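S.K.: This is the structure I have questions about; it appears just below.
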4 protein chains.
Amino acid sequence: MPSRLNVGVIGVGRMGHVYAANLAQRVPNARLVAVADQKADLAAACAKEFGIPRFYESHHDLLDDRDIDAVAVITSTSTHKEAIVDAARAGKAVFCEKPISLSLEDANEVLRVVEETGAFLQMGFQRRFDAAYVGARQKVEEGAIGSPVVFTSISRDPFRPPLEFCDPKISGGLIADMGIHDFDAARMYMGEAKTVHAIGGVLAYPEMREVGDIDNAIVNMVFESGTLGVVQLSRNAVFGYDIRGEIWGTKGTIQIGYFRQTPILVMTREGITHDAVPYFFERFESAYLTQIQDFVDRVLKSQGPSVTGADAVAAMRISLAANASFQEKRPVDIREVGALPAGARAESKS
Amino acid sequence: MPSRLNVGVIGVGRMGHVYAANLAQRVPNARLVAVADQKADLAAACAKEFGIPRFYESHHDLLDDRDIDAVAVITSTSTHKEAIVDAARAGKAVFCEKPISLSLEDANEVLRVVEETGAFLQMGFQRRFDAAYVGARQKVEEGAIGSPVVFTSISRDPFRPPLEFCDPKISGGLIADMGIHDFDAARMYMGEAKTVHAIGGVLAYPEMREVGDIDNAIVNMVFESGTLGVVQLSRNAVFGYDIRGEIWGTKGTIQIGYFRQTPILVMTREGITHDAVPYFFERFESAYLTQIQDFVDRVLKSQGPSVTGADAVAAMRISLAANASFQEKRPVDIREVGALPAGARAESKS
Amino acid sequence: MPSRLNVGVIGVGRMGHVYAANLAQRVPNARLVAVADQKADLAAACAKEFGIPRFYESHHDLLDDRDIDAVAVITSTSTHKEAIVDAARAGKAVFCEKPISLSLEDANEVLRVVEETGAFLQMGFQRRFDAAYVGARQKVEEGAIGSPVVFTSISRDPFRPPLEFCDPKISGGLIADMGIHDFDAARMYMGEAKTVHAIGGVLAYPEMREVGDIDNAIVNMVFESGTLGVVQLSRNAVFGYDIRGEIWGTKGTIQIGYFRQTPILVMTREGITHDAVPYFFERFESAYLTQIQDFVDRVLKSQGPSVTGADAVAAMRISLAANASFQEKRPVDIREVGALPAGARAESKS
Amino acid sequence: MPSRLNVGVIGVGRMGHVYAANLAQRVPNARLVAVADQKADLAAACAKEFGIPRFYESHHDLLDDRDIDAVAVITSTSTHKEAIVDAARAGKAVFCEKPISLSLEDANEVLRVVEETGAFLQMGFQRRFDAAYVGARQKVEEGAIGSPVVFTSISRDPFRPPLEFCDPKISGGLIADMGIHDFDAARMYMGEAKTVHAIGGVLAYPEMREVGDIDNAIVNMVFESGTLGVVQLSRNAVFGYDIRGEIWGTKGTIQIGYFRQTPILVMTREGITHDAVPYFFERFESAYLTQIQDFVDRVLKSQGPSVTGADAVAAMRISLAANASFQEKRPVDIREVGALPAGARAESKS
């Protein structure tokens, strides 16, 4: 393997642009060779902004590029399957933003092709590279809190997405779209889930009813070990981006999270005030960089992926079961939505 | 009515001693005239400590004391019914620590006698008098966070009670014994609950299995308005007493709670460390005083109670439904365990 | 000695009222027998409010009351000397709010009479009874931070006093009136001061110039051991009452202080806001009670005072030297303003 | 001007390596063309690590490189003068880490050459690019705290430097070496200083006496407007890196600073603990990048420097006056150490 990895980015919308910027400017052992986007003008603008040699409208053309060793798939979820499968068959190493797909059937097909082709596939769950989540895992492994017994995870967005993205047929809905990060973190600290029960509603944005999604939800989890979890999801954290977690153990607890973006405190007659973390770009800026750096390093060193496709499917099963629970107003056994794929390991390997 | 209220305390164990101390030394318009306890030596010691004129073994003797205008019932839950009923029939104003009884049948009988005799009955839910919970309610009423949509409440004890008190037949079990404070607070901010779903387990103290109780639980709530709630309960907050809450609204949120007892921060090579709130005495010291002061003031001014027996029953229904949900592993409609008693009003009147 | 101490309060203005309330309602082994105030109506109202048997216009009459064992002197500073001297000669135990007097001459005369009469005199420096300052001292004594090397103390009032009280001839001025608490704390942690240097100015309230006082000051200290200190004083903490301290050591540091009065956090689009401690009543409510309880206990048990008159003089010397430094724009040796009185011990005895 | 700036780094020790890494990997419109270091092996290793085309032992050779538009001087302070003067005469734009030199004479000579040659010289004071210090300035300019009246600044290192670097003849000593950042920040918020008074001592590391430096100091400042300041400096922040500030105003205050590096809180029986910011690399990582990006942008756009040589001299005057005050145990007028250079403007231009 060479000392630098030639990478192409497929999809340069909001998040794809972040990946392109990181690969072009901040991952020293990567060379961003090409970008592709169905919106050709986006691809062209991105190439110009970062001085990227080539850009394409079709990801097929990018995959035909013999210079390219690896691709980052940052398209909308509905196209993940096609892009991963095509890239795997073209012999490229693949990084793909979560979730792996919208349906379990598609996800399983991806896993099959990855196995068949022996392709390198690493899934993006950036919290696994965030200093707080990593630090918490280290503390847990050191035994600082004894044995973990309850996992709490809060994910709250500062506003709702545009209605067209809220459609559960496109995004998977609140529980799958946002919750999958929490379900992945839950696996990392607590192992596999056994049953889930979800409640939720349209409580802040009445217009969500038009597209059939909800804006607030609470999901209870029982893990296979008998330990417990609760995930809170919301689209109306109007003050900022609210991401927190707790691993509650027999000998102590670890709280993850913070509210302050800038370390200044303004104290006036009106009260003592500080700012909040605005959104996920700011909260996870370092984690996104560390994550794609990790992918590049692993491909160059021929190491296995830190987060596998099977891990992505394992998280997806939980979100599908939670969706079913919410619809049917009853606790749902995860196995109802399908078996745990071979190769899924709850503990992170990063 | 006179300017000072002559009060007797029935039950001077751990909490009864706190009430006796407050009534004897810190409630200026009360005169603690007598105490009673089945353990006569406890009653005698308490009377001696606070210079209380008379003490009794039987609450009947105390109720016969013509000087006494009002009683505080701080006995174990299983004797609440008898003490309240006897006091009501003796024409005394009654303050009673939560919960009102162990069974709904007993509670309803108490309500019936109270109505029949026209007795003044005020129930103790001290969080309703805590500066943080009161301040949060004021902010909510002022519209600071828009409309409340999700209520979160965490109650975690620093250790488990002696096993004999863990027996659900005596204490009601974790969900009823601890959770009733959270369910009462839930009503205060969110109105009446419609369904609950509880999960839990023996995760920290294996010996809890002997008495049939659990040490950790999570209870999800759906309120009649469609809004949501989640209550976390635990007996293993080994670092201290962990009481927190959040009222999550459409235009903001209010977080309740703090971890520090002493405002000092020790910063050494080992890290930056502060202490925690040790236990409920320290956390709610002021609230207990404010609560019994409120009772005395209301009796003297012939005002109605701030927390009624019907309120206590309303909170109990939630805990009974949550217990049933945990046993039967399904969401339970609150109405399954009985109708909301007349006179229960979710909003506090204090 | 009897089991209860009969106490009289001399001076029932703002602070005297607090002492009267504590002695009447919250110090169980004290009996508040009488109050005196030059404003007879204040004394009468106070007696009525707390059901105190007798009230007087003149402190002489109160001192003639044979029932009274001890007095608390809470008058304006200019009358402290007379009240203490008269009380000492009348054979009463004396508690006196800081400062002991406005001039060193008066203070020394008080000390002389106290020695002559063998009277019990305890001075009020309530921070010595505050949980944070006490906790910090314990940590320091346990060696948690190694050897203390720099002491920082911040005292900032939420508003300026009425102009008539700002007159340095009455109050001693900002540096003496406010700073004396910080200088006393400095002695407690660091030992005796050697030199001070003060800077200050009229920076927030131009009208302070009329009375010849300043509204902000910074006082540097060098202690006899060569260690350092800095005291910040201000009258314009418009957001609330700002009392903080730090004991900086060779192996760590202890920070004292907090800003929040109520443990609630309001998070809206405008930012994340909490309240502040309003003023010294709220900040030191417990400390004032503990302090007067300590006085009553010590008199009843015939123990020596926790804070002596000599301690009060030692703190006063520092404030007088700081005032001289500010006037003369040069570092001033504490000994320039007089010798350390016999019996002053920097470490607290409480 | 081209769209990318060709830069050379002179001095690739600890800090020079940080600048080289930023310029090579994170400043997209810079091309790091060469590095130079008296230790040729350091230069070689750095060139290899970052794939830099050329490296030199002598800065003269680097300055002869016709490709190079600009240089960053990150050598030890004693060689700043020569490097800046040579670079200015070679027609390069110059960025130089603070302080500009060890003596005022050298600094003034640098200013003279810069004026003569018309060279672009920007000084490095990274706090001016830190989000907290920038945010505080914006708040002050918006009037959030009224008029600033007291400035507080704390700079405390987690350990002492190697003794050879403590020698005041090399480093300038604690007050000049560390304090210059605080004095620069003081100018930014409060304007020019008028008098200073410094106290200090060897309180934590007795071996500092050997080299004639101190390890703790407090510097009081009076500004030309009559407002006040205090700077605390220490080498024994054993728990981590302690950088804080406060701008105290007539209508409120702004507190700058934080202690936590990782947003996790560990709560066990031993207390509630979090980590600290380890050192300045971690605290100011973003500020160093923003600062050198600012330099590159300004040179490319032919804008003036954000921090001038005259600004560096203005800060140096304060530290020299503070050193004199400490030696002579008296307040020192800043003008005693020389006039304010033409072109110094207390307010930042960035």
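The way I read the labels, and the way they are meant: chains A, B, ... in the order of the structure tokens, residue 1 as the first residue of every chain, and ligand 1 as the first ligand shown, with later ones counted on from there.
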Dump as a list in words the residues of chain A that approach chain B to within 6 Å, counting only C-alpha atoms.
M.R.: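 Output check: Ala204, Val238, Thr250 and Gly252 of chain A.
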S.K.: Which is closer to Arg317 (chain C) than all the others in C:Asn108, C:Thr273, C:Gln293, C:Thr262, using only C-alpha atoms?
M.R.: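 Result for the nearest residue to Arg317 (chain C): C:Asn108.
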S.K.: Do you know which residues are at most 9 Å from Phe95 (chain C) counting only C-alpha atoms, after dropping those on the same chain fewer than 6 positions away, and could you put them as a PyMOL selection string?
M.R.: chain C and resi 70-74+84+120-124+292+295
S.K.: I'd like the neighbourhood of Pro28 (chain C) as a list in words, where a residue qualifies if any of its atoms comes within 10 Å (using only C-alpha atoms), though same-chain residues fewer than 6 positions away should be ignored.
M.R.: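 Residues meeting the cut-off are Ala21, Ala24, Gln25, Arg26, Phe50 and Gly51 of chain B; Ser3, Arg4, Leu5, Asn22, Gln293 and Val296 of chain C.
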S.K.: Store the residues picked out above in a file with N, CA, C and O atoms, as a PDB file, in the first residue's frame.
M.R.:
ATOM      1  N   ALA B  21     -38.413  18.008  65.627  1.00  0.00           N
ATOM      2  CA  ALA B  21     -37.414  19.070  65.768  1.00  0.00           C
ATOM      3  C   ALA B  21     -37.911  20.355  65.118  1.00  0.00           C
ATOM      4  O   ALA B  21     -37.819  21.446  65.692  1.00  0.00           O
ATOM      5  N   ALA B  24     -40.795  21.791  67.166  1.00  0.00           N
ATOM      6  CA  ALA B  24     -40.379  22.271  68.486  1.00  0.00           C
ATOM      7  C   ALA B  24     -39.504  23.519  68.387  1.00  0.00           C
ATOM      8  O   ALA B  24     -39.561  24.388  69.245  1.00  0.00           O
ATOM      9  N   GLN B  25     -38.670  23.602  67.331  1.00  0.00           N
ATOM     10  CA  GLN B  25     -37.635  24.636  67.328  1.00  0.00           C
ATOM     11  C   GLN B  25     -37.713  25.639  66.195  1.00  0.00           C
ATOM     12  O   GLN B  25     -37.070  26.673  66.251  1.00  0.00           O
ATOM     13  N   ARG B  26     -38.426  25.331  65.127  1.00  0.00           N
ATOM     14  CA  ARG B  26     -38.320  26.202  63.961  1.00  0.00           C
ATOM     15  C   ARG B  26     -39.641  26.678  63.375  1.00  0.00           C
ATOM     16  O   ARG B  26     -39.640  27.412  62.401  1.00  0.00           O
ATOM     17  N   PHE B  50     -36.456  17.729  73.232  1.00  0.00           N
ATOM     18  CA  PHE B  50     -37.012  19.000  72.794  1.00  0.00           C
ATOM     19  C   PHE B  50     -37.868  19.688  73.867  1.00  0.00           C
ATOM     20  O   PHE B  50     -38.540  20.667  73.579  1.00  0.00           O
ATOM     21  N   GLY B  51     -37.830  19.155  75.079  1.00  0.00           N
ATOM     22  CA  GLY B  51     -38.605  19.787  76.143  1.00  0.00           C
ATOM     23  C   GLY B  51     -40.102  19.755  75.880  1.00  0.00           C
ATOM     24  O   GLY B  51     -40.813  20.731  76.140  1.00  0.00           O
TER      25      GLY B  51
ATOM     26  N   SER C   3     -29.179  25.207  81.609  1.00  0.00           N
ATOM     27  CA  SER C   3     -29.172  24.562  80.290  1.00  0.00           C
ATOM     28  C   SER C   3     -29.607  25.514  79.189  1.00  0.00           C
ATOM     29  O   SER C   3     -29.439  25.229  78.027  1.00  0.00           O
ATOM     30  N   ARG C   4     -30.186  26.658  79.584  1.00  0.00           N
ATOM     31  CA  ARG C   4     -30.537  27.650  78.581  1.00  0.00           C
ATOM     32  C   ARG C   4     -29.927  28.975  78.956  1.00  0.00           C
ATOM     33  O   ARG C   4     -29.846  29.328  80.144  1.00  0.00           O
ATOM     34  N   LEU C   5     -29.502  29.738  77.940  1.00  0.00           N
ATOM     35  CA  LEU C   5     -28.842  31.016  78.180  1.00  0.00           C
ATOM     36  C   LEU C   5     -29.843  32.139  77.934  1.00  0.00           C
ATOM     37  O   LEU C   5     -30.467  32.192  76.865  1.00  0.00           O
ATOM     38  N   ASN C  22     -33.039  34.543  65.002  1.00  0.00           N
ATOM     39  CA  ASN C  22     -32.314  33.300  65.266  1.00  0.00           C
ATOM     40  C   ASN C  22     -32.373  32.927  66.741  1.00  0.00           C
ATOM     41  O   ASN C  22     -32.650  31.773  67.086  1.00  0.00           O
ATOM     42  N   GLN C 293     -25.235  30.242  67.512  1.00  0.00           N
ATOM     43  CA  GLN C 293     -25.359  28.985  68.256  1.00  0.00           C
ATOM     44  C   GLN C 293     -24.025  28.648  68.931  1.00  0.00           C
ATOM     45  O   GLN C 293     -23.987  28.241  70.097  1.00  0.00           O
ATOM     46  N   VAL C 296     -23.603  30.798  72.040  1.00  0.00           N
ATOM     47  CA  VAL C 296     -24.443  30.338  73.150  1.00  0.00           C
ATOM     48  C   VAL C 296     -23.848  29.062  73.775  1.00  0.00           C
ATOM     49  O   VAL C 296     -23.718  28.947  74.996  1.00  0.00           O
TER      50      VAL C 296
END
S.K.: Taking the backbone alone, and naming residues the way the document does, which bits of region 2-183 of chain D are strand (DSSP E or B) by DSSP, as a PyMOL selection string?
M.R.: chain D and resi 5-10+30-36+54-56+70-73+93-97+121-124+148-156
S.K.: Between CA of Glu285 (chain D) and CA of Met15 (chain D), what is the distance in Å, rounded to a tenth?
M.R.: 11.2 Å
S.K.: Please list as a list in words every residue within 10 Å of Gly135 (chain C), counting only C-alpha atoms and excluding residues in the same chain fewer than 6 positions away.
M.R.: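 Surrounding residues, per the criterion: Thr262, Pro263 and Ile264 of chain B; Phe129, Glu141, Ile254 and Ile256 of chain C.
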S.K.: May I have the residues from that selection written out with all heavy atoms, as a tab-separated table (two decimals), in the first residue's frame?
M.R.:
chain	number	residue	atom	x	y	z
B	262	THR	N	-21.34	21.20	49.31
B	262	THR	CA	-20.50	22.29	49.80
B	262	THR	C	-19.90	23.02	48.61
B	262	THR	O	-19.35	22.38	47.73
B	262	THR	CB	-19.35	21.75	50.67
B	262	THR	OG1	-19.85	20.72	51.52
B	262	THR	CG2	-18.73	22.84	51.51
B	263	PRO	N	-19.96	24.34	48.59
B	263	PRO	CA	-19.42	25.06	47.43
B	263	PRO	C	-17.89	25.16	47.45
B	263	PRO	O	-17.35	26.25	47.41
B	263	PRO	CB	-20.10	26.42	47.52
B	263	PRO	CG	-20.48	26.59	48.95
B	263	PRO	CD	-20.67	25.22	49.52
B	264	ILE	N	-17.22	24.03	47.56
B	264	ILE	CA	-15.76	24.06	47.36
B	264	ILE	C	-15.36	23.02	46.34
B	264	ILE	O	-15.97	21.96	46.22
B	264	ILE	CB	-14.95	23.88	48.67
B	264	ILE	CG1	-15.25	22.55	49.34
B	264	ILE	CG2	-15.19	25.04	49.62
B	264	ILE	CD1	-14.37	22.31	50.57
C	129	PHE	N	-17.83	30.32	60.05
C	129	PHE	CA	-18.84	29.30	60.34
C	129	PHE	C	-19.56	28.83	59.09
C	129	PHE	O	-20.50	28.06	59.16
C	129	PHE	CB	-19.82	29.83	61.38
C	129	PHE	CG	-19.17	30.11	62.69
C	129	PHE	CD1	-18.66	31.37	62.98
C	129	PHE	CD2	-19.01	29.10	63.63
C	129	PHE	CE1	-18.01	31.63	64.18
C	129	PHE	CE2	-18.37	29.34	64.83
C	129	PHE	CZ	-17.86	30.60	65.11
C	141	GLU	N	-5.95	21.60	56.18
C	141	GLU	CA	-5.31	20.95	57.32
C	141	GLU	C	-5.00	19.48	57.05
C	141	GLU	O	-4.03	18.93	57.57
C	141	GLU	CB	-6.19	21.10	58.58
C	141	GLU	CG	-6.07	22.52	59.15
C	141	GLU	CD	-7.16	22.85	60.16
C	141	GLU	OE1	-7.93	21.93	60.52
C	141	GLU	OE2	-7.25	24.02	60.57
C	254	ILE	N	-7.93	24.96	46.26
C	254	ILE	CA	-9.33	24.85	46.66
C	254	ILE	C	-10.03	26.13	46.26
C	254	ILE	O	-9.59	27.22	46.61
C	254	ILE	CB	-9.46	24.65	48.18
C	254	ILE	CG1	-8.82	23.33	48.59
C	254	ILE	CG2	-10.94	24.67	48.60
C	254	ILE	CD1	-8.77	23.12	50.09
C	256	ILE	N	-13.45	28.29	46.49
C	256	ILE	CA	-14.64	28.46	47.33
C	256	ILE	C	-15.63	29.35	46.58
C	256	ILE	O	-15.23	30.38	46.05
C	256	ILE	CB	-14.28	29.15	48.66
C	256	ILE	CG1	-13.32	28.28	49.47
C	256	ILE	CG2	-15.53	29.48	49.46
C	256	ILE	CD1	-12.75	28.98	50.69
S.K.: If you run DSSP over the backbone, which residues in region 90-208 of chain B end up helix (DSSP H, G or I)? Put them as a PyMOL selection string.
M.R.: chain B and resi 104-117+126-129+131-141+163-166+168-171+173-177+179-190+208
S.K.: Which residues, written as a PDB file with N, CA, C and O atoms, in the first residue's frame, have at least one atom at most 10 Å from Leu104 (chain C), with only C-alpha atoms counted and residues fewer than 3 positions away on the same chain left out?
M.R.:
ATOM      1  N   ILE C 100     -14.775  45.569  65.374  1.00  0.00           N
ATOM      2  CA  ILE C 100     -14.839  45.851  66.804  1.00  0.00           C
ATOM      3  C   ILE C 100     -15.029  47.337  67.074  1.00  0.00           C
ATOM      4  O   ILE C 100     -15.686  47.727  68.036  1.00  0.00           O
ATOM      5  N   SER C 101     -14.473  48.178  66.201  1.00  0.00           N
ATOM      6  CA  SER C 101     -14.627  49.628  66.355  1.00  0.00           C
ATOM      7  C   SER C 101     -14.087  50.292  65.098  1.00  0.00           C
ATOM      8  O   SER C 101     -13.608  49.628  64.190  1.00  0.00           O
ATOM      9  N   ALA C 107     -10.451  50.191  69.816  1.00  0.00           N
ATOM     10  CA  ALA C 107     -10.346  48.734  69.881  1.00  0.00           C
ATOM     11  C   ALA C 107      -9.441  48.315  71.028  1.00  0.00           C
ATOM     12  O   ALA C 107      -9.739  47.383  71.775  1.00  0.00           O
ATOM     13  N   ASN C 108      -8.322  49.003  71.152  1.00  0.00           N
ATOM     14  CA  ASN C 108      -7.388  48.633  72.216  1.00  0.00           C
ATOM     15  C   ASN C 108      -7.988  48.874  73.587  1.00  0.00           C
ATOM     16  O   ASN C 108      -7.745  48.105  74.520  1.00  0.00           O
ATOM     17  N   GLU C 109      -8.789  49.927  73.688  1.00  0.00           N
ATOM     18  CA  GLU C 109      -9.446  50.181  74.975  1.00  0.00           C
ATOM     19  C   GLU C 109     -10.423  49.042  75.298  1.00  0.00           C
ATOM     20  O   GLU C 109     -10.491  48.572  76.443  1.00  0.00           O
ATOM     21  N   VAL C 110     -11.158  48.605  74.292  1.00  0.00           N
ATOM     22  CA  VAL C 110     -12.059  47.468  74.498  1.00  0.00           C
ATOM     23  C   VAL C 110     -11.282  46.255  75.009  1.00  0.00           C
ATOM     24  O   VAL C 110     -11.661  45.618  75.997  1.00  0.00           O
ATOM     25  N   VAL C 313      -8.963  42.871  66.169  1.00  0.00           N
ATOM     26  CA  VAL C 313      -7.980  43.942  66.024  1.00  0.00           C
ATOM     27  C   VAL C 313      -6.940  43.576  64.973  1.00  0.00           C
ATOM     28  O   VAL C 313      -6.516  44.424  64.177  1.00  0.00           O
ATOM     29  N   ALA C 314      -6.565  42.307  64.931  1.00  0.00           N
ATOM     30  CA  ALA C 314      -5.568  41.889  63.938  1.00  0.00           C
ATOM     31  C   ALA C 314      -6.096  42.112  62.519  1.00  0.00           C
ATOM     32  O   ALA C 314      -5.367  42.567  61.632  1.00  0.00           O
ATOM     33  N   MET C 316      -8.411  44.299  61.727  1.00  0.00           N
ATOM     34  CA  MET C 316      -8.540  45.750  61.557  1.00  0.00           C
ATOM     35  C   MET C 316      -7.218  46.399  61.167  1.00  0.00           C
ATOM     36  O   MET C 316      -7.183  47.322  60.346  1.00  0.00           O
ATOM     37  N   ARG C 317      -6.131  45.941  61.773  1.00  0.00           N
ATOM     38  CA  ARG C 317      -4.804  46.494  61.414  1.00  0.00           C
ATOM     39  C   ARG C 317      -4.568  46.387  59.903  1.00  0.00           C
ATOM     40  O   ARG C 317      -4.027  47.302  59.280  1.00  0.00           O
ATOM     41  N   LEU C 320      -6.624  48.979  58.086  1.00  0.00           N
ATOM     42  CA  LEU C 320      -6.084  50.329  58.256  1.00  0.00           C
ATOM     43  C   LEU C 320      -4.818  50.516  57.421  1.00  0.00           C
ATOM     44  O   LEU C 320      -4.622  51.562  56.795  1.00  0.00           O
ATOM     45  N   VAL C 337       0.921  50.525  61.549  1.00  0.00           N
ATOM     46  CA  VAL C 337      -0.340  50.951  62.182  1.00  0.00           C
ATOM     47  C   VAL C 337      -0.507  50.391  63.589  1.00  0.00           C
ATOM     48  O   VAL C 337      -1.585  50.521  64.173  1.00  0.00           O
ATOM     49  N   GLY C 338       0.521  49.778  64.133  1.00  0.00           N
ATOM     50  CA  GLY C 338       0.412  49.286  65.515  1.00  0.00           C
ATOM     51  C   GLY C 338       0.785  47.820  65.620  1.00  0.00           C
ATOM     52  O   GLY C 338       0.761  47.081  64.645  1.00  0.00           O
TER      53      GLY C 338
END
S.K.: In Å to one decimal, how far is CA of Arg156 (chain A) from CA of Glu210 (chain A)?
M.R.: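 Calculated distance between CA of Glu210 (chain A) and CA of Arg156 (chain A) is 21.3 Å.
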S.K.: Please report the interatomic distance between CA of Val18 (chain A) and CA of Gly172 (chain A) in Å with one decimal.
M.R.: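 Computing it gives 22.8 Å between the two atoms.
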S.K.: Check the smallest atom-to-atom distance from each of A:Met178, A:Ala93, A:Ile10, A:Ala83 to Val299 (chain A) using only C-alpha atoms, then report the winner.
M.R.: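 Nearest to Val299 (chain A): A:Ala93.
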